[in-house]
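Asks: As input, take coords_7.txt (compact mmCIF, C-alpha atoms):
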# COMPACT_ATOMS: atom_id res chain seq x y z
CA MET A 1351 31.39 -13.65 5.36
CA ASN A 1352 32.72 -10.87 7.50
CA LEU A 1353 30.64 -7.75 7.06
CA GLU A 1354 30.17 -5.01 9.58
CA SER A 1355 26.53 -4.43 8.68
CA ILE A 1356 23.80 -5.57 6.33
CA PRO A 1357 24.65 -4.26 2.85
CA LEU A 1358 22.44 -1.55 1.38
CA GLN A 1359 21.92 -3.70 -1.71
CA ALA A 1360 20.02 -6.30 0.32
CA PHE A 1361 17.36 -3.76 1.27
CA LEU A 1362 17.21 -2.48 -2.29
CA ILE A 1363 16.70 -5.98 -3.70
CA VAL A 1364 13.91 -6.71 -1.21
CA SER A 1365 12.17 -3.47 -2.14
CA SER A 1366 12.62 -4.14 -5.88
CA ALA A 1367 11.05 -7.57 -5.52
CA LEU A 1368 8.17 -6.13 -3.46
CA PHE A 1369 7.58 -3.41 -6.07
CA CYS A 1370 7.49 -5.92 -8.93
CA ILE A 1371 5.09 -8.18 -7.04
CA GLY A 1372 2.89 -5.12 -6.53
CA ILE A 1373 2.94 -4.30 -10.23
CA TRP A 1374 2.09 -7.91 -11.12
CA GLY A 1375 -0.86 -7.84 -8.74
CA LEU A 1376 -2.00 -4.48 -10.09
CA LEU A 1377 -1.99 -5.81 -13.67
CA ASN A 1378 -3.49 -9.22 -13.02
CA SER A 1379 -6.10 -8.83 -10.28
CA ARG A 1380 -9.76 -9.17 -11.14
CA ASN A 1381 -10.91 -7.99 -7.70
CA ALA A 1382 -10.77 -4.22 -7.17
CA VAL A 1383 -9.89 -4.59 -3.47
CA ARG A 1384 -6.83 -6.62 -4.44
CA VAL A 1385 -5.78 -3.84 -6.82
CA LEU A 1386 -5.81 -1.42 -3.87
CA MET A 1387 -3.77 -3.90 -1.83
CA SER A 1388 -1.20 -4.10 -4.64
CA ILE A 1389 -0.92 -0.32 -4.64
CA GLU A 1390 -0.22 -0.44 -0.90
CA LEU A 1391 2.50 -3.06 -1.52
CA MET A 1392 4.15 -0.77 -4.10
CA LEU A 1393 4.02 2.19 -1.72
CA ASN A 1394 5.65 0.04 0.96
CA ALA A 1395 8.43 -0.93 -1.46
CA VAL A 1396 9.13 2.73 -2.12
CA ASN A 1397 9.15 3.39 1.62
CA ILE A 1398 11.72 0.63 2.22
CA ASN A 1399 13.91 2.23 -0.47
CA LEU A 1400 13.64 5.68 1.10
CA MET A 1401 14.38 4.34 4.57
CA ALA A 1402 17.40 2.35 3.40
CA PHE A 1403 18.90 5.34 1.62
CA SER A 1404 18.17 7.57 4.59
CA SER A 1405 19.94 5.18 6.92
CA TYR A 1406 22.96 4.35 4.74
CA ILE A 1407 23.66 7.54 2.80
CA ASP A 1408 22.10 10.36 4.78
CA ASN A 1409 22.21 9.20 8.37
CA ASN A 1410 22.76 12.62 9.89
CA LEU A 1411 19.96 14.57 8.28
CA ILE A 1412 17.47 11.75 8.01
CA GLN A 1413 15.37 13.35 5.30
CA GLY A 1414 14.32 9.98 3.89
CA GLN A 1415 12.47 9.20 7.09
CA VAL A 1416 10.56 12.48 6.84
CA PHE A 1417 9.67 11.59 3.25
CA THR A 1418 8.47 8.19 4.44
CA ILE A 1419 6.19 9.86 6.98
CA PHE A 1420 4.66 11.96 4.19
CA VAL A 1421 4.29 8.90 1.93
CA ILE A 1422 2.50 7.05 4.75
CA THR A 1423 0.15 10.05 5.18
CA VAL A 1424 -0.66 10.18 1.47
CA ALA A 1425 -1.10 6.39 1.37
CA ALA A 1426 -3.63 6.54 4.19
CA ALA A 1427 -5.59 9.27 2.38
CA GLU A 1428 -5.39 7.29 -0.86
CA ALA A 1429 -6.67 4.13 0.79
CA ALA A 1430 -9.64 5.96 2.31
CA VAL A 1431 -10.65 7.66 -0.94
CA GLY A 1432 -9.96 4.53 -3.02
CA LEU A 1433 -12.16 2.34 -0.86
CA ALA A 1434 -14.92 4.98 -0.88
CA ILE A 1435 -14.79 5.03 -4.69
CA LEU A 1436 -14.90 1.23 -4.64
CA LEU A 1437 -18.00 1.27 -2.43
CA SER A 1438 -19.86 3.66 -4.71
CA LEU A 1439 -18.80 1.63 -7.76
CA TYR A 1440 -20.11 -1.50 -6.08
CA ARG A 1441 -23.36 0.26 -5.31
CA ASN A 1442 -23.82 1.26 -8.94
CA ARG A 1443 -22.67 -1.88 -10.74
CA VAL A 1444 -23.07 -4.63 -8.08
CA THR A 1445 -19.68 -6.13 -8.88
CA VAL A 1446 -16.02 -5.58 -8.01
CA ASP A 1447 -14.72 -7.25 -11.17
CA MET A 1448 -12.16 -4.96 -12.78
CA GLU A 1449 -13.12 -6.21 -16.25
CA SER A 1450 -16.63 -4.79 -15.93
CA PHE A 1451 -15.43 -1.25 -15.27
CA ASN A 1452 -14.87 -0.53 -18.95
CA LEU A 1453 -16.76 2.71 -19.47
CA LEU A 1454 -13.60 4.60 -20.45
CA LYS A 1455 -12.34 1.89 -22.77
CA TRP A 1456 -12.15 2.84 -26.43
CA MET B 1263 21.26 -0.09 17.52
CA SER B 1264 23.79 -2.43 19.03
CA ILE B 1265 22.58 -5.89 18.12
CA ALA B 1266 25.25 -8.38 17.15
CA ILE B 1267 25.76 -8.60 13.42
CA THR B 1268 24.72 -12.25 13.23
CA THR B 1269 21.42 -11.47 14.91
CA GLN B 1270 20.88 -8.61 12.47
CA PHE B 1271 21.45 -10.92 9.53
CA ILE B 1272 19.05 -13.53 10.89
CA CYS B 1273 16.39 -10.87 11.56
CA PHE B 1274 16.85 -9.37 8.10
CA THR B 1275 16.61 -12.73 6.36
CA VAL B 1276 13.48 -13.77 8.24
CA LEU B 1277 11.79 -10.38 7.78
CA SER B 1278 12.55 -10.13 4.07
CA LEU B 1279 11.40 -13.71 3.47
CA VAL B 1280 8.13 -12.91 5.25
CA VAL B 1281 7.77 -9.73 3.18
CA ILE B 1282 8.35 -11.44 -0.17
CA ILE B 1283 6.35 -14.61 0.52
CA GLY B 1284 3.55 -12.61 2.13
CA ALA B 1285 3.40 -10.26 -0.84
CA LEU B 1286 3.27 -13.22 -3.22
CA GLY B 1287 0.43 -14.60 -1.13
CA VAL B 1288 -1.39 -11.26 -1.28
CA VAL B 1289 -1.41 -11.23 -5.06
CA LEU B 1290 -1.74 -14.97 -5.70
CA LEU B 1291 -4.13 -16.37 -3.09
CA GLU B 1292 -7.64 -17.18 -4.19
CA SER B 1293 -9.43 -15.88 -1.09
CA ILE B 1294 -9.35 -12.12 -0.69
CA VAL B 1295 -9.73 -12.36 3.11
CA TYR B 1296 -6.50 -14.37 3.42
CA SER B 1297 -4.86 -11.76 1.22
CA ALA B 1298 -5.96 -8.97 3.54
CA PHE B 1299 -4.58 -10.69 6.64
CA LEU B 1300 -1.33 -11.55 4.85
CA LEU B 1301 -1.10 -7.87 3.90
CA GLY B 1302 -1.16 -7.04 7.61
CA GLY B 1303 1.73 -9.46 8.11
CA VAL B 1304 3.67 -7.82 5.29
CA PHE B 1305 3.13 -4.39 6.86
CA MET B 1306 4.34 -5.67 10.25
CA SER B 1307 7.48 -7.16 8.69
CA VAL B 1308 8.21 -3.91 6.86
CA ALA B 1309 7.98 -2.19 10.25
CA GLY B 1310 10.53 -4.72 11.50
CA LEU B 1311 12.84 -3.79 8.61
CA TYR B 1312 12.51 -0.15 9.65
CA LEU B 1313 13.55 -1.11 13.18
CA LEU B 1314 16.65 -2.76 11.72
CA LEU B 1315 17.39 0.56 10.02
CA ASN B 1316 17.34 2.44 13.36
CA ALA B 1317 14.03 4.15 12.68
CA SER B 1318 11.80 3.43 15.62
CA PHE B 1319 9.43 6.35 15.04
CA VAL B 1320 8.69 5.43 11.44
CA ALA B 1321 8.26 1.79 12.46
CA ALA B 1322 5.66 2.84 15.04
CA ALA B 1323 3.93 5.06 12.49
CA GLN B 1324 3.92 2.19 10.01
CA VAL B 1325 2.27 -0.15 12.50
CA LEU B 1326 -0.27 2.48 13.58
CA VAL B 1327 -1.22 3.77 10.15
CA TYR B 1328 -0.87 0.70 7.93
CA VAL B 1329 -1.83 -2.15 10.22
CA GLY B 1330 -4.16 -0.12 12.41
CA ALA B 1331 -5.92 1.97 9.79
CA VAL B 1332 -5.34 0.93 6.18
CA ASN B 1333 -5.57 -2.80 6.77
CA VAL B 1334 -8.69 -2.48 8.92
CA LEU B 1335 -10.22 -0.28 6.24
CA ILE B 1336 -9.44 -2.89 3.59
CA ILE B 1337 -10.99 -5.65 5.71
CA PHE B 1338 -14.10 -3.51 6.21
CA ALA B 1339 -14.31 -2.92 2.46
CA ILE B 1340 -14.04 -6.67 1.85
CA MET B 1341 -16.88 -7.26 4.29
CA LEU B 1342 -19.01 -4.62 2.54
CA VAL B 1343 -18.47 -5.83 -1.01
CA ASN B 1344 -18.06 -9.54 -0.31
CA LYS B 1345 -20.23 -11.29 -2.84
CA LYS B 1346 -19.53 -14.61 -4.44
CA GLU B 1347 -19.70 -14.04 -8.15
CA ASP B 1348 -18.63 -16.06 -11.10
CA LEU B 1349 -16.15 -13.98 -13.03
CA LYS B 1350 -16.62 -13.87 -16.74
CA PRO B 1351 -13.81 -15.69 -18.52
CA ILE B 1352 -11.51 -13.51 -20.59
CA ASN B 1353 -10.53 -15.06 -23.88
CA ASP B 1354 -6.98 -13.70 -24.11
CA ILE B 1355 -6.10 -14.26 -20.44
CA LYS B 1356 -3.09 -16.47 -21.28
CA SER B 1357 -1.32 -13.92 -23.43
CA ARG B 1358 -2.14 -11.20 -20.89
CA ARG B 1359 -0.57 -13.23 -18.08
CA VAL B 1360 2.51 -14.00 -20.16
CA ILE B 1361 3.02 -10.38 -21.18
CA SER B 1362 2.52 -8.94 -17.70
CA THR B 1363 4.73 -11.55 -16.05
CA SER B 1364 7.53 -10.96 -18.55
CA ILE B 1365 7.23 -7.20 -18.04
CA CYS B 1366 7.49 -7.66 -14.27
CA PHE B 1367 10.50 -9.95 -14.54
CA THR B 1368 12.23 -7.54 -16.94
CA LEU B 1369 11.63 -4.66 -14.57
CA LEU B 1370 12.85 -6.75 -11.64
CA SER B 1371 16.06 -7.72 -13.42
CA LEU B 1372 16.70 -4.12 -14.44
CA LEU B 1373 16.15 -2.89 -10.87
CA ILE B 1374 18.39 -5.58 -9.38
CA ARG B 1375 21.07 -4.80 -11.96
CA VAL B 1376 20.97 -1.12 -10.97
CA ASP B 1377 21.05 -2.07 -7.28
CA LEU B 1378 24.09 -4.28 -7.67
CA THR B 1379 26.18 -2.41 -10.24
CA ASN B 1380 25.81 1.16 -9.05
CA VAL B 1381 28.50 2.37 -6.67
CA TRP B 1382 26.68 3.87 -3.72
CA SER B 1383 28.58 6.54 -1.82
CA LEU B 1384 27.87 5.22 1.63
CA SER B 1385 28.54 7.30 4.67
CA SER B 1386 30.27 5.53 7.52
CA PRO B 1387 27.78 3.79 9.78
CA GLN B 1388 29.57 4.92 12.92
CA ASN B 1389 27.96 8.36 13.06
CA SER B 1390 24.46 6.93 12.93
CA ILE B 1391 22.23 9.03 15.11
CA GLY B 1392 20.19 5.99 16.14
CA GLU B 1393 17.60 6.76 18.77
CA GLU B 1394 17.94 10.49 18.21
CA SER B 1395 16.10 10.11 14.92
CA THR B 1396 12.71 10.89 16.46
CA ILE B 1397 14.00 14.26 17.67
CA ARG B 1398 15.51 14.92 14.25
CA ILE B 1399 12.24 14.09 12.47
CA GLY B 1400 10.40 16.51 14.75
CA GLU B 1401 12.92 19.24 13.97
CA HIS B 1402 12.52 18.59 10.24
CA LEU B 1403 8.73 18.66 10.44
CA PHE B 1404 8.69 22.02 12.21
CA SER B 1405 11.45 23.78 10.30
CA ASP B 1406 12.28 22.94 6.69
CA TYR B 1407 9.33 20.60 6.07
CA LEU B 1408 6.74 22.84 7.74
CA LEU B 1409 4.85 23.65 4.53
CA PRO B 1410 4.49 19.99 3.42
CA PHE B 1411 3.43 19.14 6.98
CA GLU B 1412 0.62 21.70 6.90
CA VAL B 1413 -0.37 20.74 3.35
CA ALA B 1414 -0.58 17.11 4.51
CA SER B 1415 -3.12 18.12 7.14
CA VAL B 1416 -5.22 19.85 4.47
CA LEU B 1417 -4.86 16.74 2.28
CA LEU B 1418 -6.09 14.50 5.09
CA LEU B 1419 -9.09 16.76 5.69
CA MET B 1420 -9.93 16.74 1.97
CA ALA B 1421 -9.56 12.96 1.80
CA MET B 1422 -11.84 12.55 4.82
CA ILE B 1423 -14.57 14.78 3.36
CA GLY B 1424 -14.17 13.19 -0.06
CA ALA B 1425 -14.45 9.68 1.34
CA ILE B 1426 -17.61 10.60 3.24
CA VAL B 1427 -19.17 12.25 0.20
CA LEU B 1428 -18.31 9.32 -2.07
CA ALA B 1429 -19.37 6.55 0.26
CA ARG B 1430 -22.61 7.94 1.69
CA ARG B 1431 -25.97 6.99 0.29
CA ASP B 1432 -28.06 9.84 -1.00
CA VAL B 1433 -31.30 8.65 0.50
CA MET B 1434 -34.01 11.01 1.52
CA SER B 1435 -35.94 10.35 4.67
CA LYS B 1436 -39.22 11.57 3.17
CA ASP B 1437 -40.71 11.05 -0.22
CA ILE B 1438 -40.70 14.39 -2.06
CA SER B 1439 -44.14 14.10 -3.66
CA THR B 1440 -46.16 12.41 -0.94
CA GLY B 1441 -44.28 13.45 2.19
CA LEU B 1442 -44.48 9.96 3.63
CA PRO B 1443 -41.44 8.36 5.28
CA VAL B 1444 -39.53 6.21 2.83
CA ASP B 1445 -38.89 2.52 3.39
CA GLN B 1446 -35.10 2.36 3.21
CA GLU B 1447 -35.07 -1.38 2.53
CA LEU B 1448 -37.20 -0.88 -0.56
CA ILE B 1449 -34.82 1.70 -1.97
CA GLU B 1450 -31.90 -0.60 -1.34
CA LYS B 1451 -33.56 -3.45 -3.19
CA SER B 1452 -35.01 -1.51 -6.08
CA SER B 1453 -31.83 0.29 -6.96
CA GLU B 1454 -30.90 -0.73 -10.46
CA PRO B 1455 -27.32 -0.63 -11.61
CA LEU B 1456 -26.92 2.76 -13.24
CA LEU B 1457 -24.34 1.70 -15.76
CA THR B 1458 -25.30 -1.64 -17.18
CA ASN B 1459 -22.71 -3.69 -18.97
CA LYS B 1460 -23.40 -3.27 -22.65
CA ASN B 1461 -21.36 -6.07 -24.14
Represent the structure from my file as structure tokens, please.

Replies:
Amino acid sequence: MNLESIPLQAFLIVSSALFCIGIWGLLNSRNAVRVLMSIELMLNAVNINLMAFSSYIDNNLIQGQVFTIFVITVAAAEAAVGLAILLSLYRNRVTVDMESFNLLKW
Amino acid sequence: MSIAITTQFICFTVLSLVVIIGALGVVLLESIVYSAFLLGGVFMSVAGLYLLLNASFVAAAQVLVYVGAVNVLIIFAIMLVNKKEDLKPINDIKSRRVISTSICFTLLSLLIRVDLTNVWSLSSPQNSIGEESTIRIGEHLFSDYLLPFEVASVLLLMAMIGAIVLARRDVMSKDISTGLPVDQELIEKSSEPLLTNKN
């Protein structure tokens, strides 16, 4: 194999796999903390995608990297608020089982 | 970056294997503490992938924000809510697992098909700006992305205040009727779950 650099598709496949693992964890976790971790995994997959495109397609105006910075900022805010919500949920219901948070279920 | 191509391939293979296996461990492992530490490993490897893409600033931001802040926050949350509890069995868990796994595999195959069949219009890698990217990001943040930059600061402030408001205990230091100081331990123990599980 004689390539001059790592193909873009390799990065895209890694990020696709990471995103799907995140979705699987989001759908199947019983623990609310693990749901938050799965969301972080999905955000990281999106970031890998943005960075790969920024490096391979737009490597003069690296706008993808700026987008990644903003995504990291929003992810940090999301993690803080999500864990605060989790703490107050735990205080009210004394569990972190996702199946017991069914107040909005019809 | 001027690493030999073989080294780049080895680094990429190792990093992506760590990312995928670590992510599988995060969602599949029984112990949530192991999951949290594996998540830190996944974040570090993603930072390594960013380094392979000539983005040293974003890699540093990834390590600082994700490993240094988000992961520590998650570990603190695990310590605060860590209680051994027997989860109630769900009766249709099998069909749920089957459906969600098939959905994930379908989505994965679709994404990989798009990745491999689409013709990406790649620019030539020779004019990569490399280490200049930090300067370029700074220019972007203070010219055409100035408004999102400022809005992000407002967002962080709102998230900080919101997290404090949500996570604090509304406990009064004095009893309203008697004026005596309140035993905080008693309040902690007597607090009933507000929303009891009805079924």

Asks: Which one is closest to Met1387 of chain A: A:Met1401, A:Ile1407, A:Ile1435, A:Ile1373? Count only C-alpha atoms.

Replies: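 The shortest atom-to-atom distance to Met1387 of chain A comes from A:Ile1373.
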
Asks: My list of candidates is B:Val1320, B:Val1281, B:Leu1417, B:Val1329. Which is closest to Ser1366 of chain A when distances are computed with all atoms listed in the file?

Replies: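 Ranked by minimum distance to Ser1366 of chain A, first place goes to B:Val1281.
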
Asks: What gap, in Å, lies between atom CA of Glu1449 of chain A and atom CA of Met1422 of chain B?

Replies: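 Rounded to one decimal, the two atoms are 28.2 Å apart.
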
Asks: Which distance in Å separates atom CA of Leu1300 of chain B and atom CA of Ser1365 of chain A, to one decimal?

Replies: 17.2 Å

Asks: Show me, as number ranges by chain, the residues of chain A whose atoms get within 7 Å of chain B, using all atoms listed in the file for the distance check.

Replies: A: 1354-1356, 1359, 1362-1364, 1366-1368, 1370-1371, 1373-1375, 1377, 1402, 1405-1407, 1409-1410, 1415-1416, 1419, 1426-1427, 1429-1431, 1433-1435, 1437-1438, 1440, 1442-1444, 1450

Asks: Please produce a file of those selected residues containing C-alpha atoms, as an mmCIF file, keeping the file's coordinate frame.

Replies:
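Done, and the output landed in part11.cif:
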data_model
loop_
_atom_site.group_PDB
_atom_site.id
_atom_site.type_symbol
_atom_site.label_atom_id
_atom_site.label_comp_id
_atom_site.auth_asym_id
_atom_site.auth_seq_id
_atom_site.Cartn_x
_atom_site.Cartn_y
_atom_site.Cartn_z
ATOM 1 C CA GLU A 1354 30.170 -5.010 9.580
ATOM 2 C CA SER A 1355 26.530 -4.430 8.680
ATOM 3 C CA ILE A 1356 23.800 -5.570 6.330
ATOM 4 C CA GLN A 1359 21.920 -3.700 -1.710
ATOM 5 C CA LEU A 1362 17.210 -2.480 -2.290
ATOM 6 C CA ILE A 1363 16.700 -5.980 -3.700
ATOM 7 C CA VAL A 1364 13.910 -6.710 -1.210
ATOM 8 C CA SER A 1366 12.620 -4.140 -5.880
ATOM 9 C CA ALA A 1367 11.050 -7.570 -5.520
ATOM 10 C CA LEU A 1368 8.170 -6.130 -3.460
ATOM 11 C CA CYS A 1370 7.490 -5.920 -8.930
ATOM 12 C CA ILE A 1371 5.090 -8.180 -7.040
ATOM 13 C CA ILE A 1373 2.940 -4.300 -10.230
ATOM 14 C CA TRP A 1374 2.090 -7.910 -11.120
ATOM 15 C CA GLY A 1375 -0.860 -7.840 -8.740
ATOM 16 C CA LEU A 1377 -1.990 -5.810 -13.670
ATOM 17 C CA ALA A 1402 17.400 2.350 3.400
ATOM 18 C CA SER A 1405 19.940 5.180 6.920
ATOM 19 C CA TYR A 1406 22.960 4.350 4.740
ATOM 20 C CA ILE A 1407 23.660 7.540 2.800
ATOM 21 C CA ASN A 1409 22.210 9.200 8.370
ATOM 22 C CA ASN A 1410 22.760 12.620 9.890
ATOM 23 C CA GLN A 1415 12.470 9.200 7.090
ATOM 24 C CA VAL A 1416 10.560 12.480 6.840
ATOM 25 C CA ILE A 1419 6.190 9.860 6.980
ATOM 26 C CA ALA A 1426 -3.630 6.540 4.190
ATOM 27 C CA ALA A 1427 -5.590 9.270 2.380
ATOM 28 C CA ALA A 1429 -6.670 4.130 0.790
ATOM 29 C CA ALA A 1430 -9.640 5.960 2.310
ATOM 30 C CA VAL A 1431 -10.650 7.660 -0.940
ATOM 31 C CA LEU A 1433 -12.160 2.340 -0.860
ATOM 32 C CA ALA A 1434 -14.920 4.980 -0.880
ATOM 33 C CA ILE A 1435 -14.790 5.030 -4.690
ATOM 34 C CA LEU A 1437 -18.000 1.270 -2.430
ATOM 35 C CA SER A 1438 -19.860 3.660 -4.710
ATOM 36 C CA TYR A 1440 -20.110 -1.500 -6.080
ATOM 37 C CA ASN A 1442 -23.820 1.260 -8.940
ATOM 38 C CA ARG A 1443 -22.670 -1.880 -10.740
ATOM 39 C CA VAL A 1444 -23.070 -4.630 -8.080
ATOM 40 C CA SER A 1450 -16.630 -4.790 -15.930
#

Asks: Have a look at atom CA of Gly1372 of chain A and atom CA of Ile1389 of chain A and let me know their distance in Å, one decimal.

Replies: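 Interatomic distance, atom CA of Gly1372 of chain A to atom CA of Ile1389 of chain A: 6.4 Å.
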
Asks: When you count only C-alpha atoms, which of these residues is closest to Arg1384 of chain A: A:Ile1422, A:Leu1453, A:Val1446, A:Ile1398?

Replies: A:Val1446

Asks: Which one is closest to Ile1397 of chain B: B:Ser1307, B:Cys1273, B:Gly1441, B:Ser1318? Count only C-alpha atoms.

Replies: B:Ser1318

Asks: Would you mind putting N, CA and C atoms back on segment 1411-1426 of chain A and writing the result as a PDB file, in the frame of the given file?

Replies:
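Now in selection_0.pdb:
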ATOM      1  N   LEU A1411      21.227  13.901   8.535  1.00  0.00           N
ATOM      2  CA  LEU A1411      19.960  14.570   8.280  1.00  0.00           C
ATOM      3  C   LEU A1411      19.044  13.517   7.710  1.00  0.00           C
ATOM      4  N   ILE A1412      18.226  12.883   8.521  1.00  0.00           N
ATOM      5  CA  ILE A1412      17.470  11.750   8.010  1.00  0.00           C
ATOM      6  C   ILE A1412      16.249  12.244   7.252  1.00  0.00           C
ATOM      7  N   GLN A1413      16.494  12.799   6.040  1.00  0.00           N
ATOM      8  CA  GLN A1413      15.370  13.350   5.300  1.00  0.00           C
ATOM      9  C   GLN A1413      14.511  12.255   4.698  1.00  0.00           C
ATOM     10  N   GLY A1414      15.099  11.079   4.441  1.00  0.00           N
ATOM     11  CA  GLY A1414      14.320   9.980   3.890  1.00  0.00           C
ATOM     12  C   GLY A1414      13.220   9.540   4.834  1.00  0.00           C
ATOM     13  N   GLN A1415      13.502   9.596   6.137  1.00  0.00           N
ATOM     14  CA  GLN A1415      12.470   9.200   7.090  1.00  0.00           C
ATOM     15  C   GLN A1415      11.314  10.190   7.077  1.00  0.00           C
ATOM     16  N   VAL A1416      11.630  11.487   6.907  1.00  0.00           N
ATOM     17  CA  VAL A1416      10.560  12.480   6.840  1.00  0.00           C
ATOM     18  C   VAL A1416       9.710  12.235   5.595  1.00  0.00           C
ATOM     19  N   PHE A1417      10.404  11.916   4.476  1.00  0.00           N
ATOM     20  CA  PHE A1417       9.670  11.590   3.250  1.00  0.00           C
ATOM     21  C   PHE A1417       8.768  10.390   3.472  1.00  0.00           C
ATOM     22  N   THR A1418       9.281   9.384   4.192  1.00  0.00           N
ATOM     23  CA  THR A1418       8.470   8.190   4.440  1.00  0.00           C
ATOM     24  C   THR A1418       7.224   8.529   5.233  1.00  0.00           C
ATOM     25  N   ILE A1419       7.365   9.441   6.215  1.00  0.00           N
ATOM     26  CA  ILE A1419       6.190   9.860   6.980  1.00  0.00           C
ATOM     27  C   ILE A1419       5.147  10.466   6.048  1.00  0.00           C
ATOM     28  N   PHE A1420       5.610  11.331   5.107  1.00  0.00           N
ATOM     29  CA  PHE A1420       4.660  11.960   4.190  1.00  0.00           C
ATOM     30  C   PHE A1420       4.030  10.917   3.267  1.00  0.00           C
ATOM     31  N   VAL A1421       4.840   9.944   2.807  1.00  0.00           N
ATOM     32  CA  VAL A1421       4.290   8.900   1.930  1.00  0.00           C
ATOM     33  C   VAL A1421       3.230   8.095   2.675  1.00  0.00           C
ATOM     34  N   ILE A1422       3.485   7.797   3.964  1.00  0.00           N
ATOM     35  CA  ILE A1422       2.500   7.050   4.750  1.00  0.00           C
ATOM     36  C   ILE A1422       1.205   7.848   4.864  1.00  0.00           C
ATOM     37  N   THR A1423       1.347   9.196   5.079  1.00  0.00           N
ATOM     38  CA  THR A1423       0.150  10.050   5.180  1.00  0.00           C
ATOM     39  C   THR A1423      -0.662   9.988   3.893  1.00  0.00           C
ATOM     40  N   VAL A1424       0.047  10.171   2.750  1.00  0.00           N
ATOM     41  CA  VAL A1424      -0.660  10.180   1.470  1.00  0.00           C
ATOM     42  C   VAL A1424      -1.267   8.810   1.194  1.00  0.00           C
ATOM     43  N   ALA A1425      -0.566   7.731   1.604  1.00  0.00           N
ATOM     44  CA  ALA A1425      -1.100   6.390   1.370  1.00  0.00           C
ATOM     45  C   ALA A1425      -2.373   6.171   2.165  1.00  0.00           C
ATOM     46  N   ALA A1426      -2.415   6.690   3.394  1.00  0.00           N
ATOM     47  CA  ALA A1426      -3.630   6.540   4.190  1.00  0.00           C
ATOM     48  C   ALA A1426      -4.789   7.276   3.528  1.00  0.00           C
TER      49      ALA A1426
END
